[in-house]
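Trainee: Contents of entry-v4.txt (compact mmCIF, C-alpha atoms (C1' of nucleotides)) are below:
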```txt
# COMPACT_ATOMS: atom_id res chain seq x y z
CA MET N 1 136.98 57.62 184.28
CA PRO N 2 133.61 57.28 186.01
CA VAL N 3 132.01 59.82 188.27
CA PRO N 4 132.58 58.83 191.92
CA LYS N 5 129.22 58.15 193.50
CA GLY N 6 129.84 57.21 197.07
CA SER N 7 130.76 60.38 198.94
CA THR N 8 127.73 62.59 199.11
CA ILE N 9 124.75 63.68 197.08
CA ASP N 10 126.03 67.14 196.31
CA PRO N 11 124.66 68.69 193.10
CA GLU N 12 127.62 71.00 192.63
CA ARG N 13 130.04 68.18 193.08
CA THR N 14 128.08 66.02 190.66
CA ARG N 15 128.08 68.78 188.09
CA ALA N 16 131.82 69.27 188.42
CA ALA N 17 132.40 65.53 188.19
CA ILE N 18 130.34 65.26 185.00
CA LEU N 19 132.22 68.19 183.53
CA ALA N 20 135.58 66.65 184.36
CA ALA N 21 134.61 63.22 183.04
CA ALA N 22 132.96 64.45 179.85
CA THR N 23 135.77 66.81 178.84
CA PRO N 24 138.32 64.23 177.63
CA VAL N 25 135.65 62.11 175.97
CA LEU N 26 134.23 65.01 173.96
CA TYR N 27 137.76 66.09 173.08
CA GLU N 28 138.73 62.66 171.82
CA ARG N 29 135.53 61.72 170.04
CA GLY N 30 134.44 65.15 168.85
CA LEU N 31 131.35 67.07 169.90
CA ASP N 32 129.08 65.29 167.44
CA GLY N 33 131.11 62.09 167.42
CA ILE N 34 129.41 60.67 170.50
CA GLY N 35 125.78 60.61 171.52
CA VAL N 36 124.40 61.59 174.89
CA ALA N 37 123.48 58.01 175.73
CA GLU N 38 126.95 56.62 175.08
CA LEU N 39 128.55 59.60 176.78
CA CYS N 40 126.46 59.06 179.90
CA ALA N 41 127.18 55.35 179.93
CA GLY N 42 130.91 56.04 179.55
CA ILE N 43 131.14 58.44 182.45
CA GLY N 44 128.71 56.52 184.65
CA VAL N 45 125.90 58.99 185.01
CA SER N 46 122.24 58.86 184.01
CA LYS N 47 120.81 60.99 181.26
CA GLU N 48 118.35 62.58 183.64
CA THR N 49 121.14 63.80 185.90
CA LEU N 50 123.11 65.20 183.01
CA TYR N 51 120.10 67.02 181.62
CA ARG N 52 119.16 68.44 184.99
CA HIS N 53 122.60 69.98 185.39
CA PHE N 54 123.19 71.18 181.85
CA GLY N 55 119.74 71.36 180.28
CA THR N 56 120.94 70.47 176.83
CA LYS N 57 123.81 68.76 175.11
CA ASP N 58 124.86 72.15 173.82
CA GLY N 59 124.75 73.39 177.40
CA LEU N 60 127.18 70.68 178.42
CA VAL N 61 129.39 71.40 175.44
CA GLU N 62 129.55 75.09 176.26
CA ALA N 63 130.34 74.41 179.90
CA VAL N 64 133.08 71.98 178.88
CA LEU N 65 134.63 74.47 176.49
CA GLU N 66 134.48 77.34 178.97
CA ALA N 67 136.19 75.21 181.59
CA ARG N 68 138.76 74.01 179.11
CA SER N 69 139.59 77.52 177.94
CA ASP N 70 140.02 78.60 181.55
CA ARG N 71 142.27 75.66 182.25
CA VAL N 72 144.44 76.17 179.17
CA MET N 73 144.90 79.86 179.78
CA ARG N 74 145.73 79.31 183.44
CA TRP N 75 148.22 76.64 182.41
CA LEU N 76 149.93 78.96 179.92
CA SER N 77 149.85 81.94 182.27
CA ASP N 78 151.42 79.89 185.01
CA ALA N 79 154.15 78.74 182.65
CA VAL N 80 154.88 82.35 181.71
CA ALA N 81 154.84 83.48 185.32
CA ALA N 82 157.27 80.75 186.28
CA ALA N 83 159.69 81.76 183.54
CA GLY N 84 160.93 84.92 185.20
CA SER N 85 160.97 88.42 183.79
CA ASP N 86 162.83 87.94 180.51
CA PRO N 87 160.32 88.10 177.65
CA ARG N 88 162.41 85.60 175.70
CA ASP N 89 162.19 83.12 178.53
CA GLN N 90 158.47 83.74 178.76
CA LEU N 91 158.04 83.02 175.07
CA SER N 92 160.12 79.89 175.45
CA ALA N 93 157.91 78.80 178.29
CA VAL N 94 154.82 79.07 176.10
CA PHE N 95 156.20 77.00 173.24
CA ASP N 96 157.83 74.49 175.56
CA ALA N 97 154.49 73.98 177.23
CA LEU N 98 152.88 73.51 173.82
CA GLN N 99 155.51 70.95 172.85
CA HIS N 100 154.79 68.94 175.99
CA TRP N 101 151.13 69.05 175.10
CA TYR N 102 151.81 67.87 171.55
CA ASP N 103 153.74 64.94 172.94
CA GLU N 104 150.79 63.65 174.90
CA PRO N 105 149.12 60.66 173.19
CA ALA N 106 145.69 62.22 173.71
CA PHE N 107 146.68 65.43 171.94
CA ARG N 108 144.20 66.26 169.21
CA GLY N 109 144.68 69.96 168.58
CA CYS N 110 143.08 73.02 170.11
CA ALA N 111 139.73 71.96 171.53
CA MET N 112 138.20 75.37 170.95
CA LEU N 113 139.26 75.53 167.31
CA ASN N 114 138.08 71.97 166.75
CA ALA N 115 134.75 72.82 168.31
CA ALA N 116 134.32 75.93 166.18
CA ALA N 117 135.08 73.91 163.07
CA GLN N 118 132.62 71.19 164.06
CA HIS N 119 129.68 72.88 165.68
CA HIS N 120 128.19 75.77 163.76
CA VAL N 121 126.61 77.34 166.83
CA ASP N 122 127.03 80.95 167.81
CA ALA N 123 127.72 80.18 171.45
CA VAL N 124 130.60 77.88 170.54
CA ARG N 125 132.09 80.40 168.15
CA ALA N 126 131.84 83.03 170.87
CA ILE N 127 133.70 80.86 173.35
CA THR N 128 136.41 80.22 170.77
CA ALA N 129 136.72 83.92 170.02
CA ARG N 130 137.04 84.72 173.70
CA HIS N 131 139.67 82.03 174.07
CA LEU N 132 141.71 83.55 171.28
CA ASP N 133 141.16 86.95 172.88
CA ARG N 134 142.79 85.79 176.06
CA TYR N 135 145.54 84.00 174.17
CA LEU N 136 146.27 87.19 172.28
CA GLU N 137 146.28 89.16 175.51
CA LEU N 138 148.88 86.85 177.02
CA LEU N 139 151.12 87.23 173.99
CA THR N 140 150.59 90.99 173.88
CA GLY N 141 151.98 91.21 177.39
CA ILE N 142 155.11 89.37 176.34
CA ALA N 143 155.47 91.50 173.22
CA SER N 144 155.11 94.66 175.24
CA ARG N 145 157.68 93.63 177.81
CA ALA N 146 160.03 92.84 174.91
CA ASN N 147 159.70 96.46 173.78
CA ALA N 148 158.40 95.48 170.38
CA ALA N 149 157.81 98.40 168.07
CA ASP N 150 154.22 97.26 167.58
CA PRO N 151 153.30 94.87 170.38
CA HIS N 152 149.79 94.19 169.06
CA LEU N 153 151.09 93.25 165.63
CA LEU N 154 153.78 91.00 167.06
CA ALA N 155 151.30 89.39 169.41
CA ARG N 156 148.92 88.65 166.57
CA GLN N 157 151.73 87.09 164.55
CA LEU N 158 152.75 85.01 167.54
CA LEU N 159 149.14 83.89 167.95
CA MET N 160 149.06 82.76 164.32
CA LEU N 161 152.32 80.93 164.87
CA ALA N 162 151.20 79.22 168.08
CA GLU N 163 147.80 78.12 166.81
CA GLY N 164 149.34 77.19 163.48
CA ALA N 165 151.88 75.03 165.26
CA THR N 166 149.11 73.35 167.24
CA THR N 167 147.08 72.73 164.11
CA VAL N 168 150.00 71.39 162.11
CA ALA N 169 151.03 69.21 165.03
CA ALA N 170 147.51 67.83 165.35
CA HIS N 171 146.85 67.11 161.69
CA TYR N 172 150.21 66.59 160.12
CA ASP N 173 153.36 66.11 162.17
CA ARG N 174 153.78 66.78 165.85
CA SER N 175 157.49 66.06 166.21
CA ASN N 176 159.34 69.15 167.35
CA ALA N 177 156.52 71.39 166.21
CA GLY N 178 156.71 73.42 169.41
CA GLU N 179 160.47 73.72 169.19
CA HIS N 180 160.40 74.86 165.57
CA ALA N 181 157.65 77.34 166.32
CA ARG N 182 159.67 78.64 169.26
CA ARG N 183 162.62 79.37 167.00
CA ALA N 184 160.34 81.21 164.59
CA ALA N 185 158.89 83.18 167.49
CA PHE N 186 162.38 84.19 168.57
CA ALA N 187 163.15 85.41 165.07
CA LEU N 188 159.98 87.48 165.02
CA LEU N 189 160.71 88.91 168.43
CA SER N 190 164.25 89.85 167.44
CA ALA N 191 163.08 91.50 164.24
CA ALA N 192 160.38 93.42 166.07
CA ALA N 193 162.59 94.80 168.82
CA SER N 194 162.67 98.57 168.74
CA MET K 1 123.58 76.58 142.00
CA PRO K 2 121.66 73.66 140.51
CA VAL K 3 123.09 71.02 138.30
CA PRO K 4 122.27 71.80 134.66
CA LYS K 5 120.09 69.07 133.32
CA GLY K 6 119.28 69.93 129.76
CA SER K 7 122.42 69.41 127.73
CA THR K 8 123.15 65.71 127.68
CA ILE K 9 122.87 62.64 129.84
CA ASP K 10 126.57 62.21 130.39
CA PRO K 11 127.57 60.39 133.59
CA GLU K 12 130.95 62.02 133.80
CA ARG K 13 129.48 65.44 133.35
CA THR K 14 126.83 64.71 135.95
CA ARG K 15 129.45 63.58 138.39
CA ALA K 16 131.51 66.70 137.86
CA ALA K 17 128.44 68.89 138.21
CA ILE K 18 127.47 67.27 141.50
CA LEU K 19 131.00 67.71 142.75
CA ALA K 20 131.05 71.38 141.81
CA ALA K 21 127.63 72.05 143.30
CA ALA K 22 128.19 70.14 146.53
CA THR K 23 131.58 71.66 147.30
CA PRO K 24 130.48 75.12 148.46
CA VAL K 25 127.49 73.71 150.36
CA LEU K 26 129.58 71.22 152.33
CA TYR K 27 132.14 73.95 152.96
CA GLU K 28 129.57 76.37 154.31
CA ARG K 29 127.42 73.97 156.30
CA GLY K 30 130.07 71.52 157.43
CA LEU K 31 130.38 67.88 156.47
CA ASP K 32 127.93 66.69 159.11
CA GLY K 33 125.93 69.90 159.13
CA ILE K 34 123.76 68.90 156.20
CA GLY K 35 122.06 65.64 155.38
CA VAL K 36 122.17 63.88 152.05
CA ALA K 37 118.49 64.61 151.40
CA GLU K 38 118.81 68.36 151.91
CA LEU K 39 122.07 68.43 150.03
CA CYS K 40 120.51 66.69 147.03
CA ALA K 41 117.50 68.98 147.10
CA GLY K 42 119.76 72.02 147.24
CA ILE K 43 121.84 71.06 144.25
CA GLY K 44 118.93 69.66 142.27
CA VAL K 45 119.90 66.03 141.97
CA SER K 46 118.24 62.86 143.18
CA LYS K 47 119.70 60.73 145.92
CA GLU K 48 119.89 57.74 143.60
CA THR K 49 122.07 59.64 141.16
CA LEU K 50 124.34 60.88 143.88
CA TYR K 51 124.75 57.41 145.38
CA ARG K 52 125.39 55.83 142.00
CA HIS K 53 128.28 58.23 141.38
CA PHE K 54 129.83 58.34 144.82
CA GLY K 55 128.56 55.22 146.57
CA THR K 56 128.51 56.81 149.98
CA LYS K 57 128.30 60.20 151.61
CA ASP K 58 131.89 59.69 152.72
CA GLY K 59 132.75 58.92 149.10
CA LEU K 60 131.33 62.26 148.04
CA VAL K 61 133.10 64.03 150.88
CA GLU K 62 136.43 62.51 149.93
CA ALA K 63 135.97 63.39 146.27
CA VAL K 64 135.05 66.95 147.22
CA LEU K 65 138.09 67.32 149.45
CA GLU K 66 140.47 65.85 146.88
CA ALA K 67 139.17 68.24 144.25
CA ARG K 68 139.37 71.15 146.63
CA SER K 69 142.93 70.38 147.64
CA ASP K 70 143.90 70.17 143.99
CA ARG K 71 142.22 73.47 143.26
CA VAL K 72 143.79 75.28 146.21
CA MET K 73 147.28 74.04 145.45
CA ARG K 74 146.96 74.91 141.78
CA TRP K 75 145.73 78.36 142.76
CA LEU K 76 148.68 78.94 145.08
CA SER K 77 151.19 77.47 142.65
CA ASP K 78 149.91 79.70 139.89
CA ALA K 79 150.20 82.73 142.14
CA VAL K 80 153.79 81.81 142.93
CA ALA K 81 154.61 81.16 139.28
CA ALA K 82 153.18 84.53 138.31
CA ALA K 83 155.28 86.33 140.88
CA GLY K 84 158.58 85.98 139.07
CA SER K 85 161.81 84.52 140.34
CA ASP K 86 162.39 86.51 143.53
CA PRO K 87 161.56 84.28 146.52
CA ARG K 88 160.35 87.32 148.43
CA ASP K 89 157.87 88.13 145.69
CA GLN K 90 156.79 84.50 145.63
CA LEU K 91 156.14 84.56 149.37
CA SER K 92 154.24 87.81 148.97
CA ALA K 93 152.13 86.21 146.29
CA VAL K 94 151.13 83.40 148.64
CA PHE K 95 150.03 85.64 151.48
CA ASP K 96 148.39 88.15 149.17
CA ALA K 97 146.36 85.32 147.69
CA LEU K 98 145.42 84.20 151.18
CA GLN K 99 144.33 87.72 152.10
CA HIS K 100 142.04 87.87 149.08
CA TRP K 101 140.58 84.56 150.17
CA TYR K 102 140.01 85.81 153.72
CA ASP K 103 138.14 88.79 152.32
CA GLU K 104 135.57 86.63 150.56
CA PRO K 105 132.27 86.52 152.46
CA ALA K 106 132.11 82.74 152.09
CA PHE K 107 135.54 82.26 153.67
CA ARG K 108 135.34 79.75 156.50
CA GLY K 109 138.90 78.57 156.98
CA CYS K 110 140.85 75.75 155.42
CA ALA K 111 138.35 73.15 154.22
CA MET K 112 140.77 70.30 154.77
CA LEU K 113 141.57 71.31 158.34
CA ASN K 114 137.89 71.83 159.08
CA ALA K 115 137.11 68.43 157.65
CA ALA K 116 139.82 66.75 159.70
CA ALA K 117 138.50 68.41 162.84
CA GLN K 118 134.92 67.37 162.08
CA HIS K 119 135.08 63.95 160.55
CA HIS K 120 137.11 61.40 162.46
CA VAL K 121 137.64 59.19 159.44
CA ASP K 122 141.01 57.93 158.31
CA ALA K 123 140.45 58.78 154.66
CA VAL K 124 139.69 62.40 155.49
CA ARG K 125 142.72 62.69 157.72
CA ALA K 126 144.83 61.23 154.93
CA ILE K 127 143.57 63.77 152.43
CA THR K 128 144.32 66.55 154.88
CA ALA K 129 147.81 65.24 155.51
CA ARG K 130 148.48 65.04 151.78
CA HIS K 131 147.23 68.58 151.35
CA LEU K 132 149.63 69.83 154.00
CA ASP K 133 152.34 67.79 152.32
CA ARG K 134 151.86 69.66 149.08
CA TYR K 135 151.55 72.96 150.89
CA LEU K 136 154.85 72.27 152.62
CA GLU K 137 156.44 71.30 149.34
CA LEU K 138 155.44 74.61 147.78
CA LEU K 139 156.92 76.54 150.67
CA THR K 140 160.06 74.42 150.68
CA GLY K 141 160.68 75.45 147.10
CA ILE K 142 160.47 79.10 148.03
CA ALA K 143 162.69 78.59 151.07
CA SER K 144 165.27 76.78 148.96
CA ARG K 145 165.34 79.47 146.31
CA ALA K 146 165.83 82.01 149.10
CA ASN K 147 168.97 80.15 150.11
CA ALA K 148 167.72 79.53 153.62
CA ALA K 149 170.21 77.77 155.85
CA ASP K 150 167.61 75.07 156.58
CA PRO K 151 164.92 75.22 153.91
CA HIS K 152 162.86 72.42 155.43
CA LEU K 153 162.75 74.11 158.81
CA LEU K 154 161.84 77.47 157.32
CA ALA K 155 159.17 75.89 155.14
CA ARG K 156 157.62 74.20 158.14
CA GLN K 157 157.57 77.46 160.05
CA LEU K 158 155.99 79.19 157.08
CA LEU K 159 153.38 76.44 156.91
CA MET K 160 152.51 76.99 160.56
CA LEU K 161 152.28 80.70 159.91
CA ALA K 162 150.09 80.35 156.83
CA GLU K 163 147.68 77.82 158.31
CA GLY K 164 147.70 79.73 161.58
CA ALA K 165 146.77 82.91 159.73
CA THR K 166 143.96 81.10 157.96
CA THR K 167 142.68 79.66 161.21
CA VAL K 168 142.86 82.93 163.11
CA ALA K 169 141.20 84.71 160.21
CA ALA K 170 138.40 82.17 160.12
CA HIS K 171 137.66 81.99 163.82
CA TYR K 172 138.74 85.31 165.24
CA ASP K 173 139.61 88.28 163.04
CA ARG K 174 140.21 88.24 159.33
CA SER K 175 141.17 91.87 158.81
CA ASN K 176 144.69 92.12 157.45
CA ALA K 177 145.50 88.64 158.67
CA GLY K 178 147.25 87.80 155.41
CA GLU K 179 149.18 91.05 155.40
CA HIS K 180 150.35 90.60 158.98
CA ALA K 181 151.33 87.02 158.30
CA ARG K 182 153.23 88.16 155.22
CA ARG K 183 155.32 90.55 157.30
CA ALA K 184 156.08 87.78 159.75
CA ALA K 185 157.04 85.50 156.87
CA PHE K 186 159.45 88.13 155.57
CA ALA K 187 161.05 88.42 158.98
CA LEU K 188 161.50 84.65 159.13
CA LEU K 189 162.94 84.56 155.65
CA SER K 190 165.40 87.34 156.42
CA ALA K 191 166.52 85.69 159.62
CA ALA K 192 166.97 82.33 157.86
CA ALA K 193 169.05 83.62 154.97
CA SER K 194 172.44 81.99 154.93
C1' DC E 1 111.31 53.78 116.28
C1' DC E 2 113.02 51.16 119.94
C1' DT E 3 115.83 49.85 123.52
C1' DA E 4 119.52 50.48 127.11
C1' DG E 5 120.59 53.33 130.52
C1' DA E 6 120.57 57.79 133.14
C1' DT E 7 117.72 60.45 136.07
C1' DC E 8 113.90 61.77 138.99
C1' DG E 9 110.80 61.84 142.86
C1' DA E 10 108.97 59.76 146.50
C1' DA E 11 108.22 56.08 149.51
C1' DC E 12 110.52 53.30 152.52
C1' DC E 13 114.01 51.01 155.84
C1' DG E 14 116.53 50.35 160.24
C1' DA E 15 119.42 52.90 163.18
C1' DT E 16 120.52 56.62 165.89
C1' DC E 17 119.82 61.09 167.54
C1' DG E 18 118.54 64.57 171.54
C1' DG E 19 115.39 64.80 175.02
C1' DT E 20 111.51 63.22 178.43
C1' DA E 21 108.99 60.35 181.84
C1' DC E 22 108.71 57.43 185.68
C1' DG E 23 109.28 54.30 189.39
C1' DA E 24 112.76 52.51 192.56
C1' DA E 25 116.75 53.25 195.40
C1' DC E 26 119.30 56.25 197.85
C1' DT E 27 121.23 60.33 201.02
C1' DC E 28 120.51 63.86 203.90
C1' DG E 29 118.65 67.41 207.21
C1' DA E 30 114.97 68.05 210.44
C1' DT Y 1 112.20 58.38 211.49
C1' DC Y 2 110.35 60.82 207.91
C1' DG Y 3 110.10 63.62 203.87
C1' DA Y 4 112.49 66.37 200.35
C1' DG Y 5 115.60 66.02 196.90
C1' DT Y 6 119.22 63.44 193.94
C1' DT Y 7 120.34 59.78 191.18
C1' DC Y 8 119.70 55.56 188.46
C1' DG Y 9 117.99 52.56 184.89
C1' DT Y 10 115.05 51.94 181.42
C1' DA Y 11 111.56 52.62 178.41
C1' DC Y 12 109.87 55.73 175.34
C1' DC Y 13 109.10 59.74 171.98
C1' DG Y 14 109.37 62.19 167.46
C1' DA Y 15 112.79 63.58 164.28
C1' DT Y 16 116.45 62.85 161.36
C1' DC Y 17 120.10 60.22 159.61
C1' DG Y 18 122.45 57.41 155.58
C1' DG Y 19 121.06 54.40 152.26
C1' DT Y 20 117.78 51.42 149.14
C1' DT Y 21 114.08 50.50 146.05
C1' DC Y 22 110.93 51.24 142.32
C1' DG Y 23 108.09 52.97 138.79
C1' DA Y 24 107.82 56.94 135.67
C1' DT Y 25 110.30 59.90 132.56
C1' DC Y 26 113.65 61.25 129.54
C1' DT Y 27 117.77 60.87 126.33
C1' DA Y 28 120.95 58.95 123.11
C1' DG Y 29 122.64 55.53 119.75
C1' DG Y 30 121.53 51.97 116.41
```
Could the structure of this file be written out as structure tokens, please?
Mentor:
Amino acid sequence: MPVPKGSTIDPERTRAAILAAATPVLYERGLDGIGVAELCAGIGVSKETLYRHFGTKDGLVEAVLEARSDRVMRWLSDAVAAAGSDPRDQLSAVFDALQHWYDEPAFRGCAMLNAAAQHHVDAVRAITARHLDRYLELLTGIASRANAADPHLLARQLLMLAEGATTVAAHYDRSNAGEHARRAAFALLSAAAS
Amino acid sequence: MPVPKGSTIDPERTRAAILAAATPVLYERGLDGIGVAELCAGIGVSKETLYRHFGTKDGLVEAVLEARSDRVMRWLSDAVAAAGSDPRDQLSAVFDALQHWYDEPAFRGCAMLNAAAQHHVDAVRAITARHLDRYLELLTGIASRANAADPHLLARQLLMLAEGATTVAAHYDRSNAGEHARRAAFALLSAAAS
DNA sequence: CCTAGATCGAACCGATCGGTACGAACTCGA
DNA sequence: TCGAGTTCGTACCGATCGGTTCGATCTAGG
């Protein structure tokens, strides 16, 4: 998936293209599983260009993770928004979306959690924490609309369930992981209804 | 935590000592976060000795992970065994044990999941999968004794919850993560009772 | 006491790493 | 058309990586 070169010499566009091309490679190979030289060769960009736009490999990594977190959260939020006003349907939408993700051949678990486990750098851990913050916020909204007795507690439990499902799917068995997690989520939601 | 050198020149003992000394270092720093030279210096053993016993850095890593998985599963099994015959108490014992683990300063998440996320090597992934296999087996026993309608489904959901709690505790917020997961587990168990 | 083997410490190897430098080719706005 | 800026390709840098080698030192068993 090389960076298109013809169009124009537009630094912003180049930066965005590098970001888009590097994201799946770093996800598949791991942050430290590919060197800058091979990465540049793979996406069809010179090292100088990459370093001018991102300064450092860590700079690229952080930009990739930020963009990925944004994309994931938008994707989940859109799924919830499209599910109507019933909190149960909204919860279903989340786990159905996760199941579709698990079924993709390129699925390799939560990129932010993988990154935090790989790269012991504060900036990466911070991005991961913020990602989980937003994830928790999304689930808190659903828990609140479901009139849970303790929406924050339920949301935290749902976060554990969702990330646990993703982790188990990535490293153990992905078949129906989203569906099984969805059923567990329903049970939690029913038990927490006030 | 250096390897004791006085006692005897006993290869097996040396091997075990290296294993014990290297385990916490690799857990804290990450598998690729420390080189063999620094690792050897830290545990007070020469590179030649390490390579004679483990052949390869990957060999050491695999031995460390195997031992760790054994230790974790024995620790959880013992906690369950000590909890009596009530499945609810057994489940409590698991999540209470996890909470105590989360409260340790050196806690950094599930070593096997971290390793699988870091090291894209088949052997490591296999060890992780086998660890989750045993984890699932433990939970299946509890689910069966609780007369769950579908013990395998419940056990899988409990596995997601437990590993999700560990992951969230490691990368986001460890306070009361085990306790909150325990309450969720109880809700699942109640809902699954036949 | 002597030898086989375990260990150490340090030097060493080739490969790869992240990052820099530079000249040539190119695009664009003036 | 010209000059400023972007990109490319490649060579290069010092550091570090996993792994090997070797002589010196030490220990245990006969």
Trainee: Take CA of His53 (chain N) and CA of Val72 (chain N) and report the distance between them in Å, one decimal.
Mentor: 23.5 Å
Trainee: Could you check the closest approach to chain K for each of Y:DT21, Y:DT1, Y:DT27, Y:DT10 and tell me which residue wins, using all atoms listed in the file?
Mentor: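 Looking at the shortest contact to chain K, the residue is Y:DT27.
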Trainee: Between CA of Ala184 (chain N) and CA of Leu161 (chain N), what distance in Å does the model show, to one decimal?
Mentor: 8.0 Å
Trainee: When the cut-off is 10 Å and we count all atoms listed in the file, which residues of chain Y are near chain N, given as a list in words?
Mentor: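 Output check: DG5, DT6, DT7, DC8 and DG9 of chain Y.
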Trainee: List every residue of chain E that has an atom at most 9 Å from any atom of chain N, giving for each one its closest atom pair and the distance in Å to one decimal, counting all atoms listed in the file, sorted by chain and then by ascending residue number, as a tab-separated table.
Mentor:
```
residue	atom	partner	partner_atom	distance
E:DT16	C1'	N:Gly35	CA	8.7
E:DC17	C1'	N:Gly35	CA	7.2
E:DG18	C1'	N:Val36	CA	7.4
E:DG19	C1'	N:Thr56	CA	8.1
E:DT20	C1'	N:Glu48	CA	8.6
E:DT27	C1'	N:Ile9	CA	6.3
E:DC28	C1'	N:Ile9	CA	8.0
```
Trainee: What is the CA of Ala67 (chain K)-C1' of DG19 (chain Y) distance in Å, reported with one decimal?
Mentor: 24.2 Å
Trainee: Counting all atoms listed in the file, what is within 12 Å of DA24 (chain Y), bar same-chain residues fewer than 6 positions away, as a list in words?
Mentor: DT7, DC8, DG9 and DA10 of chain E
